[in-house]
Every structure is written in structure tokens, then in C-alpha cells.
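*Asks:* Next comes the structure file target_18.txt, holding compact mmCIF, N, CA and C atoms.
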# COMPACT_ATOMS: atom_id res chain seq x y z
N MET Z 1 0.82 -1.19 0.00
CA MET Z 1 0.00 0.00 0.00
C MET Z 1 0.86 1.26 0.00
N ARG Z 2 1.97 1.20 0.71
CA ARG Z 2 2.86 2.36 0.75
C ARG Z 2 3.43 2.67 -0.63
N ARG Z 3 3.74 1.62 -1.39
CA ARG Z 3 4.26 1.79 -2.75
C ARG Z 3 3.22 2.44 -3.65
N LEU Z 4 1.95 2.09 -3.45
CA LEU Z 4 0.88 2.65 -4.26
C LEU Z 4 0.70 4.14 -4.00
N LEU Z 5 0.93 4.57 -2.77
CA LEU Z 5 0.78 5.98 -2.43
C LEU Z 5 1.97 6.83 -2.84
N SER Z 6 3.07 6.20 -3.20
CA SER Z 6 4.24 6.94 -3.65
C SER Z 6 3.92 7.64 -4.97
N LEU Z 7 4.36 8.88 -5.10
CA LEU Z 7 4.05 9.65 -6.31
C LEU Z 7 4.83 9.18 -7.53
N THR Z 8 5.69 8.19 -7.37
CA THR Z 8 6.39 7.63 -8.53
C THR Z 8 5.67 6.40 -9.06
N HIS Z 9 4.53 6.07 -8.50
CA HIS Z 9 3.75 4.92 -8.96
C HIS Z 9 2.95 5.31 -10.21
N PRO Z 10 2.79 4.41 -11.18
CA PRO Z 10 2.08 4.76 -12.42
C PRO Z 10 0.60 5.09 -12.23
N ILE Z 11 0.00 4.71 -11.12
CA ILE Z 11 -1.41 5.02 -10.90
C ILE Z 11 -1.67 6.52 -10.88
N HIS Z 12 -0.65 7.29 -10.53
CA HIS Z 12 -0.83 8.74 -10.44
C HIS Z 12 -0.87 9.41 -11.81
N MET Z 13 -0.59 8.66 -12.86
CA MET Z 13 -0.72 9.23 -14.20
C MET Z 13 -2.19 9.46 -14.55
N VAL Z 14 -3.10 8.77 -13.88
CA VAL Z 14 -4.52 8.96 -14.11
C VAL Z 14 -5.24 9.54 -12.90
N SER Z 15 -4.58 9.64 -11.77
CA SER Z 15 -5.27 10.12 -10.57
C SER Z 15 -5.64 11.60 -10.68
N GLY Z 16 -4.87 12.39 -11.39
CA GLY Z 16 -5.23 13.79 -11.59
C GLY Z 16 -6.52 13.94 -12.37
N LEU Z 17 -6.67 13.15 -13.41
CA LEU Z 17 -7.91 13.18 -14.19
C LEU Z 17 -9.08 12.63 -13.38
N THR Z 18 -8.80 11.68 -12.51
CA THR Z 18 -9.85 11.14 -11.65
C THR Z 18 -10.33 12.18 -10.66
N ILE Z 19 -9.41 12.91 -10.05
CA ILE Z 19 -9.77 13.98 -9.12
C ILE Z 19 -10.56 15.05 -9.84
N TRP Z 20 -10.11 15.42 -11.03
CA TRP Z 20 -10.82 16.45 -11.80
C TRP Z 20 -12.23 15.98 -12.16
N SER Z 21 -12.37 14.74 -12.58
CA SER Z 21 -13.70 14.25 -12.99
C SER Z 21 -14.64 14.16 -11.79
N LEU Z 22 -14.14 13.78 -10.62
CA LEU Z 22 -14.98 13.77 -9.42
C LEU Z 22 -15.43 15.19 -9.06
N TRP Z 23 -14.51 16.15 -9.18
CA TRP Z 23 -14.86 17.55 -8.93
C TRP Z 23 -15.92 18.02 -9.93
N PHE Z 24 -15.73 17.71 -11.19
CA PHE Z 24 -16.63 18.14 -12.26
C PHE Z 24 -18.04 17.59 -12.03
N VAL Z 25 -18.14 16.30 -11.79
CA VAL Z 25 -19.45 15.69 -11.56
C VAL Z 25 -20.06 16.23 -10.27
N GLY Z 26 -19.23 16.41 -9.25
CA GLY Z 26 -19.73 16.91 -7.97
C GLY Z 26 -20.30 18.32 -8.06
N ILE Z 27 -19.60 19.22 -8.74
CA ILE Z 27 -20.12 20.59 -8.78
C ILE Z 27 -21.35 20.70 -9.67
N TYR Z 28 -21.38 19.98 -10.78
CA TYR Z 28 -22.56 20.06 -11.63
C TYR Z 28 -23.75 19.34 -11.03
N ALA Z 29 -23.53 18.23 -10.33
CA ALA Z 29 -24.63 17.55 -9.65
C ALA Z 29 -25.13 18.41 -8.50
N GLY Z 30 -24.20 18.99 -7.74
CA GLY Z 30 -24.60 19.87 -6.64
C GLY Z 30 -25.32 21.10 -7.13
N LEU Z 31 -24.85 21.66 -8.23
CA LEU Z 31 -25.50 22.83 -8.82
C LEU Z 31 -26.92 22.48 -9.27
N SER Z 32 -27.10 21.34 -9.89
CA SER Z 32 -28.43 20.93 -10.35
C SER Z 32 -29.38 20.67 -9.19
N VAL Z 33 -28.89 19.99 -8.17
CA VAL Z 33 -29.73 19.71 -7.02
C VAL Z 33 -30.08 21.01 -6.29
N ALA Z 34 -29.10 21.88 -6.09
CA ALA Z 34 -29.36 23.14 -5.40
C ALA Z 34 -30.35 24.01 -6.17
N CYS Z 35 -30.26 24.01 -7.48
CA CYS Z 35 -31.17 24.82 -8.28
C CYS Z 35 -32.59 24.24 -8.29
N SER Z 36 -32.72 22.93 -8.16
CA SER Z 36 -34.06 22.36 -8.14
C SER Z 36 -34.70 22.43 -6.76
N VAL Z 37 -33.90 22.37 -5.70
CA VAL Z 37 -34.44 22.40 -4.34
C VAL Z 37 -34.69 23.83 -3.87
N ALA Z 38 -33.71 24.69 -4.00
CA ALA Z 38 -33.83 26.06 -3.48
C ALA Z 38 -33.16 27.03 -4.44
N PRO Z 39 -33.82 27.37 -5.55
CA PRO Z 39 -33.20 28.32 -6.48
C PRO Z 39 -33.11 29.71 -5.86
N PRO Z 40 -31.99 30.41 -6.09
CA PRO Z 40 -31.86 31.76 -5.54
C PRO Z 40 -32.72 32.77 -6.31
N GLU Z 41 -32.92 33.90 -5.69
CA GLU Z 41 -33.67 34.96 -6.35
C GLU Z 41 -32.89 35.48 -7.55
N PRO Z 42 -33.54 35.76 -8.67
CA PRO Z 42 -32.82 36.27 -9.84
C PRO Z 42 -32.16 37.62 -9.60
N ALA Z 43 -32.65 38.41 -8.67
CA ALA Z 43 -32.09 39.74 -8.42
C ALA Z 43 -30.74 39.66 -7.70
N ARG Z 44 -30.39 38.53 -7.13
CA ARG Z 44 -29.15 38.40 -6.37
C ARG Z 44 -27.94 38.29 -7.30
N ASP Z 45 -28.15 38.08 -8.55
CA ASP Z 45 -27.09 37.97 -9.55
C ASP Z 45 -26.14 36.83 -9.19
N MET Z 46 -24.85 37.08 -9.02
CA MET Z 46 -23.91 35.98 -8.79
C MET Z 46 -23.49 35.83 -7.33
N LEU Z 47 -23.95 36.68 -6.47
CA LEU Z 47 -23.59 36.60 -5.06
C LEU Z 47 -24.59 35.70 -4.33
N THR Z 48 -24.42 34.37 -4.52
CA THR Z 48 -25.30 33.40 -3.89
C THR Z 48 -24.46 32.34 -3.17
N GLY Z 49 -25.11 31.60 -2.33
CA GLY Z 49 -24.43 30.51 -1.63
C GLY Z 49 -23.96 29.43 -2.58
N ILE Z 50 -24.70 29.24 -3.66
CA ILE Z 50 -24.31 28.23 -4.65
C ILE Z 50 -22.98 28.62 -5.29
N ASN Z 51 -22.86 29.85 -5.72
CA ASN Z 51 -21.61 30.29 -6.35
C ASN Z 51 -20.44 30.29 -5.37
N ILE Z 52 -20.71 30.65 -4.13
CA ILE Z 52 -19.63 30.65 -3.14
C ILE Z 52 -19.15 29.23 -2.88
N SER Z 53 -20.07 28.28 -2.75
CA SER Z 53 -19.66 26.90 -2.51
C SER Z 53 -18.93 26.30 -3.72
N VAL Z 54 -19.38 26.62 -4.91
CA VAL Z 54 -18.67 26.15 -6.11
C VAL Z 54 -17.29 26.79 -6.19
N GLY Z 55 -17.17 28.05 -5.84
CA GLY Z 55 -15.88 28.73 -5.84
C GLY Z 55 -14.92 28.13 -4.83
N VAL Z 56 -15.41 27.81 -3.65
CA VAL Z 56 -14.56 27.19 -2.63
C VAL Z 56 -14.12 25.81 -3.08
N ALA Z 57 -15.04 25.03 -3.63
CA ALA Z 57 -14.69 23.69 -4.12
C ALA Z 57 -13.67 23.78 -5.25
N THR Z 58 -13.80 24.78 -6.11
CA THR Z 58 -12.85 24.96 -7.20
C THR Z 58 -11.46 25.32 -6.66
N LEU Z 59 -11.41 26.23 -5.71
CA LEU Z 59 -10.11 26.63 -5.16
C LEU Z 59 -9.44 25.49 -4.38
N VAL Z 60 -10.22 24.73 -3.64
CA VAL Z 60 -9.66 23.61 -2.88
C VAL Z 60 -9.13 22.53 -3.82
N THR Z 61 -9.89 22.21 -4.85
CA THR Z 61 -9.46 21.20 -5.82
C THR Z 61 -8.22 21.67 -6.58
N THR Z 62 -8.19 22.92 -6.98
CA THR Z 62 -7.03 23.45 -7.68
C THR Z 62 -5.79 23.44 -6.78
N ALA Z 63 -5.97 23.83 -5.53
CA ALA Z 63 -4.84 23.80 -4.59
C ALA Z 63 -4.32 22.37 -4.39
N LEU Z 64 -5.23 21.41 -4.28
CA LEU Z 64 -4.82 20.01 -4.14
C LEU Z 64 -4.03 19.54 -5.36
N LEU Z 65 -4.53 19.85 -6.55
CA LEU Z 65 -3.86 19.42 -7.77
C LEU Z 65 -2.50 20.10 -7.94
N LEU Z 66 -2.41 21.37 -7.59
CA LEU Z 66 -1.12 22.06 -7.67
C LEU Z 66 -0.13 21.51 -6.66
N TRP Z 67 -0.60 21.18 -5.46
CA TRP Z 67 0.28 20.58 -4.46
C TRP Z 67 0.77 19.22 -4.94
N LEU Z 68 -0.12 18.42 -5.53
CA LEU Z 68 0.29 17.11 -6.04
C LEU Z 68 1.29 17.25 -7.18
N ALA Z 69 1.14 18.27 -8.01
CA ALA Z 69 2.11 18.50 -9.08
C ALA Z 69 3.47 18.84 -8.50
N TRP Z 70 3.49 19.72 -7.50
CA TRP Z 70 4.74 20.09 -6.86
C TRP Z 70 5.38 18.88 -6.17
N ALA Z 71 4.58 18.09 -5.48
CA ALA Z 71 5.10 16.91 -4.79
C ALA Z 71 5.60 15.86 -5.78
N SER Z 72 4.97 15.76 -6.94
CA SER Z 72 5.43 14.80 -7.96
C SER Z 72 6.78 15.21 -8.52
N VAL Z 73 6.99 16.50 -8.73
CA VAL Z 73 8.29 16.97 -9.21
C VAL Z 73 9.35 16.70 -8.15
N ALA Z 74 9.03 16.93 -6.89
CA ALA Z 74 9.97 16.65 -5.81
C ALA Z 74 10.29 15.16 -5.74
N ALA Z 75 9.28 14.32 -5.95
CA ALA Z 75 9.50 12.87 -5.93
C ALA Z 75 10.33 12.43 -7.13
N ALA Z 76 10.15 13.09 -8.27
CA ALA Z 76 10.93 12.74 -9.46
C ALA Z 76 12.39 13.08 -9.26
N ARG Z 77 12.68 14.17 -8.57
CA ARG Z 77 14.08 14.53 -8.33
C ARG Z 77 14.77 13.57 -7.38
N LYS Z 78 14.00 12.92 -6.51
CA LYS Z 78 14.56 11.97 -5.56
C LYS Z 78 14.57 10.54 -6.08
N ALA Z 79 13.91 10.30 -7.22
CA ALA Z 79 13.77 8.93 -7.74
C ALA Z 79 15.12 8.38 -8.17
N GLU Z 80 15.28 7.10 -7.91
CA GLU Z 80 16.54 6.44 -8.27
C GLU Z 80 16.47 5.79 -9.65
N LEU Z 81 15.33 5.31 -10.03
CA LEU Z 81 15.17 4.66 -11.33
C LEU Z 81 14.62 5.65 -12.34
N SER Z 82 15.03 5.52 -13.58
CA SER Z 82 14.55 6.45 -14.60
C SER Z 82 13.07 6.24 -14.88
N ARG Z 83 12.58 5.01 -14.71
CA ARG Z 83 11.16 4.75 -14.92
C ARG Z 83 10.32 5.48 -13.87
N GLU Z 84 10.75 5.45 -12.62
CA GLU Z 84 10.03 6.17 -11.57
C GLU Z 84 10.07 7.68 -11.80
N CYS Z 85 11.20 8.16 -12.27
CA CYS Z 85 11.34 9.58 -12.59
C CYS Z 85 10.36 9.98 -13.70
N TYR Z 86 10.25 9.13 -14.71
CA TYR Z 86 9.34 9.38 -15.82
C TYR Z 86 7.89 9.43 -15.33
N PHE Z 87 7.49 8.43 -14.53
CA PHE Z 87 6.12 8.40 -14.02
C PHE Z 87 5.81 9.63 -13.19
N ALA Z 88 6.74 10.06 -12.38
CA ALA Z 88 6.51 11.23 -11.52
C ALA Z 88 6.40 12.51 -12.34
N TYR Z 89 7.25 12.69 -13.34
CA TYR Z 89 7.17 13.90 -14.17
C TYR Z 89 5.90 13.94 -15.02
N VAL Z 90 5.51 12.79 -15.56
CA VAL Z 90 4.27 12.75 -16.33
C VAL Z 90 3.08 13.02 -15.41
N SER Z 91 3.10 12.44 -14.23
CA SER Z 91 2.03 12.69 -13.26
C SER Z 91 1.97 14.17 -12.89
N ALA Z 92 3.12 14.78 -12.71
CA ALA Z 92 3.15 16.22 -12.40
C ALA Z 92 2.53 17.03 -13.52
N GLY Z 93 2.83 16.67 -14.76
CA GLY Z 93 2.23 17.36 -15.89
C GLY Z 93 0.73 17.19 -15.95
N VAL Z 94 0.25 15.99 -15.66
CA VAL Z 94 -1.20 15.74 -15.66
C VAL Z 94 -1.85 16.52 -14.52
N PHE Z 95 -1.22 16.53 -13.35
CA PHE Z 95 -1.78 17.30 -12.23
C PHE Z 95 -1.85 18.78 -12.58
N LEU Z 96 -0.81 19.30 -13.21
CA LEU Z 96 -0.79 20.71 -13.59
C LEU Z 96 -1.85 21.00 -14.66
N PHE Z 97 -1.99 20.12 -15.63
CA PHE Z 97 -2.99 20.29 -16.68
C PHE Z 97 -4.41 20.27 -16.10
N THR Z 98 -4.67 19.34 -15.17
CA THR Z 98 -6.01 19.26 -14.60
C THR Z 98 -6.28 20.43 -13.65
N ALA Z 99 -5.25 20.98 -13.02
CA ALA Z 99 -5.45 22.18 -12.21
C ALA Z 99 -5.89 23.35 -13.11
N GLY Z 100 -5.25 23.47 -14.26
CA GLY Z 100 -5.68 24.49 -15.22
C GLY Z 100 -7.08 24.25 -15.72
N GLY Z 101 -7.43 22.99 -15.97
CA GLY Z 101 -8.79 22.66 -16.40
C GLY Z 101 -9.82 22.96 -15.34
N THR Z 102 -9.45 22.75 -14.10
CA THR Z 102 -10.37 23.06 -13.00
C THR Z 102 -10.66 24.55 -12.95
N LEU Z 103 -9.63 25.36 -13.08
CA LEU Z 103 -9.84 26.82 -13.09
C LEU Z 103 -10.60 27.25 -14.34
N PHE Z 104 -10.30 26.64 -15.47
CA PHE Z 104 -10.95 27.01 -16.73
C PHE Z 104 -12.45 26.72 -16.68
N VAL Z 105 -12.84 25.62 -16.06
CA VAL Z 105 -14.25 25.27 -15.97
C VAL Z 105 -14.92 25.99 -14.80
N GLY Z 106 -14.21 26.13 -13.70
CA GLY Z 106 -14.81 26.72 -12.50
C GLY Z 106 -15.00 28.21 -12.57
N TYR Z 107 -14.16 28.91 -13.28
CA TYR Z 107 -14.24 30.37 -13.34
C TYR Z 107 -15.59 30.86 -13.89
N PRO Z 108 -16.07 30.37 -15.04
CA PRO Z 108 -17.37 30.86 -15.52
C PRO Z 108 -18.53 30.47 -14.61
N ILE Z 109 -18.43 29.31 -13.96
CA ILE Z 109 -19.51 28.88 -13.09
C ILE Z 109 -19.63 29.82 -11.90
N VAL Z 110 -18.50 30.24 -11.37
CA VAL Z 110 -18.51 31.10 -10.19
C VAL Z 110 -19.02 32.50 -10.53
N PHE Z 111 -18.67 33.01 -11.71
CA PHE Z 111 -18.99 34.40 -12.03
C PHE Z 111 -20.21 34.59 -12.92
N LEU Z 112 -21.02 33.57 -13.06
CA LEU Z 112 -22.29 33.69 -13.75
C LEU Z 112 -23.42 33.41 -12.76
N PRO Z 113 -24.57 33.99 -12.97
CA PRO Z 113 -25.68 33.69 -12.06
C PRO Z 113 -26.06 32.22 -12.18
N PRO Z 114 -26.31 31.56 -11.05
CA PRO Z 114 -26.67 30.15 -11.12
C PRO Z 114 -28.12 29.97 -11.57
N CYS Z 115 -28.43 28.78 -11.96
CA CYS Z 115 -29.80 28.39 -12.30
C CYS Z 115 -30.37 29.20 -13.46
N LEU Z 116 -29.60 29.39 -14.50
CA LEU Z 116 -30.07 30.14 -15.67
C LEU Z 116 -31.13 29.39 -16.42
Please, can you express the file's structure as C-alpha cells?

*Replies:*
Amino acid sequence: MRRLLSLTHPIHMVSGLTIWSLWFVGIYAGLSVACSVAPPEPARDMLTGINISVGVATLVTTALLLWLAWASVAAARKAELSRECYFAYVSAGVFLFTAGGTLFVGYPIVFLPPCL
């Protein structure tokens, strides 16, 4: 189990996309449920609890992905085998790419009125 959690393990080449997809499904499912249960007043524009919670989830997910990218680069520098170094650098790139994707998708959701 300890080997699996190491950032030089190949499973981390897809874990960034898995984290992003869980975030994506979570915010859109939460947004849909919140809009059907308790839609905000249209006059409130974008300053609603829905937008604040989506913004917080976006920032937390982005911070996690950026930290994992940084930790993967640090693990790659300490790796003894070239294969482990490769897995860690590719994982860092995927984590960085998904962090950008999280911001790219989350930004319009936060700054648009919900429940359009």
C-alpha cells in the first residue's frame, strides 16, 4: 500500500484526471440539485451561496492538484530509477494540466448567475 501511495507509482498518471472528474461531476450535480431544491432569487445575480460553494470547491481542488504536481516533481528529483522519474514527471504534468482545467471550468460557473 505504501508503494501505491508513492508519487512515482504509475497510478498517479490517471489520478489527476480522476480527481478532476470527481470535482466536475460533484459541482454540476450539486448545482443541479441546489437549483431544483432552493433556487436563488434572480435579483441576487452571482452573489449566492451556490456560487460561493462552487468557488470554494474549485479553489480547494485546484490547490490540491497544484500541491500534487509540486510533490510529484519533488519525488521525481529523488527517484533512483529512470522509470520512476518518468512516471513522476508525467504525473506532475497531468496534475498541472487538470489544475488548469479546474480553473478554466470553474471560473465561468462562479462568475455567472446560477440556475439560468

*Asks:* As an exercise, work out the distance from atom N of Pro113 in chain Z to atom C of Ala43 in chain Z in Å and give it to one decimal place.

*Replies:*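 Those two atoms sit 9.9 Å apart.
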
*Asks:* So, counting only C-alpha atoms, which residue among Z:Ser91, Z:Leu59, Z:Asn51, Z:Pro40 is closest to His9 in chain Z?

*Replies:*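 Among the listed residues, the smallest separation from His9 in chain Z belongs to Z:Ser91.
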
*Asks:* Please, what is the axis-aligned box for every listed atom of range 41-48 of chain Z with 4 Å on each side, as centre and edge lengths in Å to one decimal, as lines of an AutoDock Vina configuration file?

*Replies:*
center_x = -28.6
center_y = 36.0
center_z = -6.5
size_x = 18.2
size_y = 15.4
size_z = 14.7

*Asks:* From (-5.3, 12.7, -15.3), in the file's coordinates, out to 8 Å: which residues are reached, counting all atoms listed in the file? Answer as a list in words.

*Replies:*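 Residues with an atom at most 8 Å from (-5.3, 12.7, -15.3): His12, Met13, Val14, Ser15, Gly16, Leu17, Thr18, Ile19, Trp20, Ser21, Ser91, Gly93, Val94, Phe95, Phe97 and Thr98 of chain Z.
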
*Asks:* To one decimal in Å, tell me the separation between CA of Met46 in chain Z and atom C of Leu31 in chain Z.

*Replies:* 13.8 Å

*Asks:* Fewer than 6 positions away in the same chain doesn't count, so skip those; otherwise give me all residues within 10 Å of Tyr86 in chain Z, counting only C-alpha atoms, as number ranges by chain.

*Replies:* Z: 8-10, 76, 79, 92

*Asks:* List every residue of chain Z that DSSP, applied to the backbone, labels as helix (DSSP H, G or I), and write the result as a ChimeraX atom specification.

*Replies:* /Z:2-5,12-37,42-44,49-78,82-110

*Asks:* Have range 84-110 of chain Z completed to N, CA, C and O atoms, please, and pass it along as a PDB file, in the coordinates of the input.

*Replies:*
ATOM      1  N   GLU Z  84      10.750   5.450 -12.620  1.00  0.00           N
ATOM      2  CA  GLU Z  84      10.030   6.170 -11.570  1.00  0.00           C
ATOM      3  C   GLU Z  84      10.070   7.680 -11.800  1.00  0.00           C
ATOM      4  O   GLU Z  84       9.100   8.385 -11.555  1.00  0.00           O
ATOM      5  N   CYS Z  85      11.200   8.160 -12.270  1.00  0.00           N
ATOM      6  CA  CYS Z  85      11.340   9.580 -12.590  1.00  0.00           C
ATOM      7  C   CYS Z  85      10.360   9.980 -13.700  1.00  0.00           C
ATOM      8  O   CYS Z  85       9.697  11.003 -13.623  1.00  0.00           O
ATOM      9  N   TYR Z  86      10.250   9.130 -14.710  1.00  0.00           N
ATOM     10  CA  TYR Z  86       9.340   9.380 -15.820  1.00  0.00           C
ATOM     11  C   TYR Z  86       7.890   9.430 -15.330  1.00  0.00           C
ATOM     12  O   TYR Z  86       7.147  10.358 -15.670  1.00  0.00           O
ATOM     13  N   PHE Z  87       7.490   8.430 -14.530  1.00  0.00           N
ATOM     14  CA  PHE Z  87       6.120   8.400 -14.020  1.00  0.00           C
ATOM     15  C   PHE Z  87       5.810   9.630 -13.190  1.00  0.00           C
ATOM     16  O   PHE Z  87       4.715  10.204 -13.288  1.00  0.00           O
ATOM     17  N   ALA Z  88       6.740  10.060 -12.380  1.00  0.00           N
ATOM     18  CA  ALA Z  88       6.510  11.230 -11.520  1.00  0.00           C
ATOM     19  C   ALA Z  88       6.400  12.510 -12.340  1.00  0.00           C
ATOM     20  O   ALA Z  88       5.535  13.349 -12.068  1.00  0.00           O
ATOM     21  N   TYR Z  89       7.250  12.690 -13.340  1.00  0.00           N
ATOM     22  CA  TYR Z  89       7.170  13.900 -14.170  1.00  0.00           C
ATOM     23  C   TYR Z  89       5.900  13.940 -15.020  1.00  0.00           C
ATOM     24  O   TYR Z  89       5.269  14.985 -15.163  1.00  0.00           O
ATOM     25  N   VAL Z  90       5.510  12.790 -15.560  1.00  0.00           N
ATOM     26  CA  VAL Z  90       4.270  12.750 -16.330  1.00  0.00           C
ATOM     27  C   VAL Z  90       3.080  13.020 -15.410  1.00  0.00           C
ATOM     28  O   VAL Z  90       2.154  13.756 -15.772  1.00  0.00           O
ATOM     29  N   SER Z  91       3.100  12.440 -14.230  1.00  0.00           N
ATOM     30  CA  SER Z  91       2.030  12.690 -13.260  1.00  0.00           C
ATOM     31  C   SER Z  91       1.970  14.170 -12.890  1.00  0.00           C
ATOM     32  O   SER Z  91       0.885  14.736 -12.771  1.00  0.00           O
ATOM     33  N   ALA Z  92       3.120  14.780 -12.710  1.00  0.00           N
ATOM     34  CA  ALA Z  92       3.150  16.220 -12.400  1.00  0.00           C
ATOM     35  C   ALA Z  92       2.530  17.030 -13.520  1.00  0.00           C
ATOM     36  O   ALA Z  92       1.782  17.981 -13.281  1.00  0.00           O
ATOM     37  N   GLY Z  93       2.830  16.670 -14.760  1.00  0.00           N
ATOM     38  CA  GLY Z  93       2.230  17.360 -15.890  1.00  0.00           C
ATOM     39  C   GLY Z  93       0.730  17.190 -15.950  1.00  0.00           C
ATOM     40  O   GLY Z  93      -0.012  18.137 -16.227  1.00  0.00           O
ATOM     41  N   VAL Z  94       0.250  15.990 -15.660  1.00  0.00           N
ATOM     42  CA  VAL Z  94      -1.200  15.740 -15.660  1.00  0.00           C
ATOM     43  C   VAL Z  94      -1.850  16.520 -14.520  1.00  0.00           C
ATOM     44  O   VAL Z  94      -2.929  17.108 -14.706  1.00  0.00           O
ATOM     45  N   PHE Z  95      -1.220  16.530 -13.350  1.00  0.00           N
ATOM     46  CA  PHE Z  95      -1.780  17.300 -12.230  1.00  0.00           C
ATOM     47  C   PHE Z  95      -1.850  18.780 -12.580  1.00  0.00           C
ATOM     48  O   PHE Z  95      -2.831  19.457 -12.291  1.00  0.00           O
ATOM     49  N   LEU Z  96      -0.810  19.300 -13.210  1.00  0.00           N
ATOM     50  CA  LEU Z  96      -0.790  20.710 -13.590  1.00  0.00           C
ATOM     51  C   LEU Z  96      -1.850  21.000 -14.660  1.00  0.00           C
ATOM     52  O   LEU Z  96      -2.555  22.021 -14.592  1.00  0.00           O
ATOM     53  N   PHE Z  97      -1.990  20.120 -15.630  1.00  0.00           N
ATOM     54  CA  PHE Z  97      -2.990  20.290 -16.680  1.00  0.00           C
ATOM     55  C   PHE Z  97      -4.410  20.270 -16.100  1.00  0.00           C
ATOM     56  O   PHE Z  97      -5.247  21.092 -16.472  1.00  0.00           O
ATOM     57  N   THR Z  98      -4.670  19.340 -15.170  1.00  0.00           N
ATOM     58  CA  THR Z  98      -6.010  19.260 -14.600  1.00  0.00           C
ATOM     59  C   THR Z  98      -6.280  20.430 -13.650  1.00  0.00           C
ATOM     60  O   THR Z  98      -7.436  20.844 -13.517  1.00  0.00           O
ATOM     61  N   ALA Z  99      -5.250  20.980 -13.020  1.00  0.00           N
ATOM     62  CA  ALA Z  99      -5.450  22.180 -12.210  1.00  0.00           C
ATOM     63  C   ALA Z  99      -5.890  23.350 -13.110  1.00  0.00           C
ATOM     64  O   ALA Z  99      -6.792  24.107 -12.753  1.00  0.00           O
ATOM     65  N   GLY Z 100      -5.250  23.470 -14.260  1.00  0.00           N
ATOM     66  CA  GLY Z 100      -5.680  24.490 -15.220  1.00  0.00           C
ATOM     67  C   GLY Z 100      -7.080  24.250 -15.720  1.00  0.00           C
ATOM     68  O   GLY Z 100      -7.872  25.188 -15.884  1.00  0.00           O
ATOM     69  N   GLY Z 101      -7.430  22.990 -15.970  1.00  0.00           N
ATOM     70  CA  GLY Z 101      -8.790  22.660 -16.400  1.00  0.00           C
ATOM     71  C   GLY Z 101      -9.820  22.960 -15.340  1.00  0.00           C
ATOM     72  O   GLY Z 101     -10.943  23.385 -15.647  1.00  0.00           O
ATOM     73  N   THR Z 102      -9.450  22.750 -14.100  1.00  0.00           N
ATOM     74  CA  THR Z 102     -10.370  23.060 -13.000  1.00  0.00           C
ATOM     75  C   THR Z 102     -10.660  24.550 -12.950  1.00  0.00           C
ATOM     76  O   THR Z 102     -11.808  24.967 -12.822  1.00  0.00           O
ATOM     77  N   LEU Z 103      -9.630  25.360 -13.080  1.00  0.00           N
ATOM     78  CA  LEU Z 103      -9.840  26.820 -13.090  1.00  0.00           C
ATOM     79  C   LEU Z 103     -10.600  27.250 -14.340  1.00  0.00           C
ATOM     80  O   LEU Z 103     -11.455  28.145 -14.278  1.00  0.00           O
ATOM     81  N   PHE Z 104     -10.300  26.640 -15.470  1.00  0.00           N
ATOM     82  CA  PHE Z 104     -10.950  27.010 -16.730  1.00  0.00           C
ATOM     83  C   PHE Z 104     -12.450  26.720 -16.680  1.00  0.00           C
ATOM     84  O   PHE Z 104     -13.257  27.486 -17.211  1.00  0.00           O
ATOM     85  N   VAL Z 105     -12.840  25.620 -16.060  1.00  0.00           N
ATOM     86  CA  VAL Z 105     -14.250  25.270 -15.970  1.00  0.00           C
ATOM     87  C   VAL Z 105     -14.920  25.990 -14.800  1.00  0.00           C
ATOM     88  O   VAL Z 105     -16.069  26.412 -14.900  1.00  0.00           O
ATOM     89  N   GLY Z 106     -14.210  26.130 -13.700  1.00  0.00           N
ATOM     90  CA  GLY Z 106     -14.810  26.720 -12.500  1.00  0.00           C
ATOM     91  C   GLY Z 106     -15.000  28.210 -12.570  1.00  0.00           C
ATOM     92  O   GLY Z 106     -15.935  28.747 -11.952  1.00  0.00           O
ATOM     93  N   TYR Z 107     -14.160  28.910 -13.280  1.00  0.00           N
ATOM     94  CA  TYR Z 107     -14.240  30.370 -13.340  1.00  0.00           C
ATOM     95  C   TYR Z 107     -15.590  30.860 -13.890  1.00  0.00           C
ATOM     96  O   TYR Z 107     -16.231  31.703 -13.260  1.00  0.00           O
ATOM     97  N   PRO Z 108     -16.070  30.370 -15.040  1.00  0.00           N
ATOM     98  CA  PRO Z 108     -17.370  30.860 -15.520  1.00  0.00           C
ATOM     99  C   PRO Z 108     -18.530  30.470 -14.610  1.00  0.00           C
ATOM    100  O   PRO Z 108     -19.497  31.213 -14.485  1.00  0.00           O
ATOM    101  N   ILE Z 109     -18.430  29.310 -13.960  1.00  0.00           N
ATOM    102  CA  ILE Z 109     -19.510  28.880 -13.090  1.00  0.00           C
ATOM    103  C   ILE Z 109     -19.630  29.820 -11.900  1.00  0.00           C
ATOM    104  O   ILE Z 109     -20.724  30.155 -11.461  1.00  0.00           O
ATOM    105  N   VAL Z 110     -18.500  30.240 -11.370  1.00  0.00           N
ATOM    106  CA  VAL Z 110     -18.510  31.100 -10.190  1.00  0.00           C
ATOM    107  C   VAL Z 110     -19.020  32.500 -10.530  1.00  0.00           C
ATOM    108  O   VAL Z 110     -19.727  33.135  -9.741  1.00  0.00           O
TER     109      VAL Z 110
END
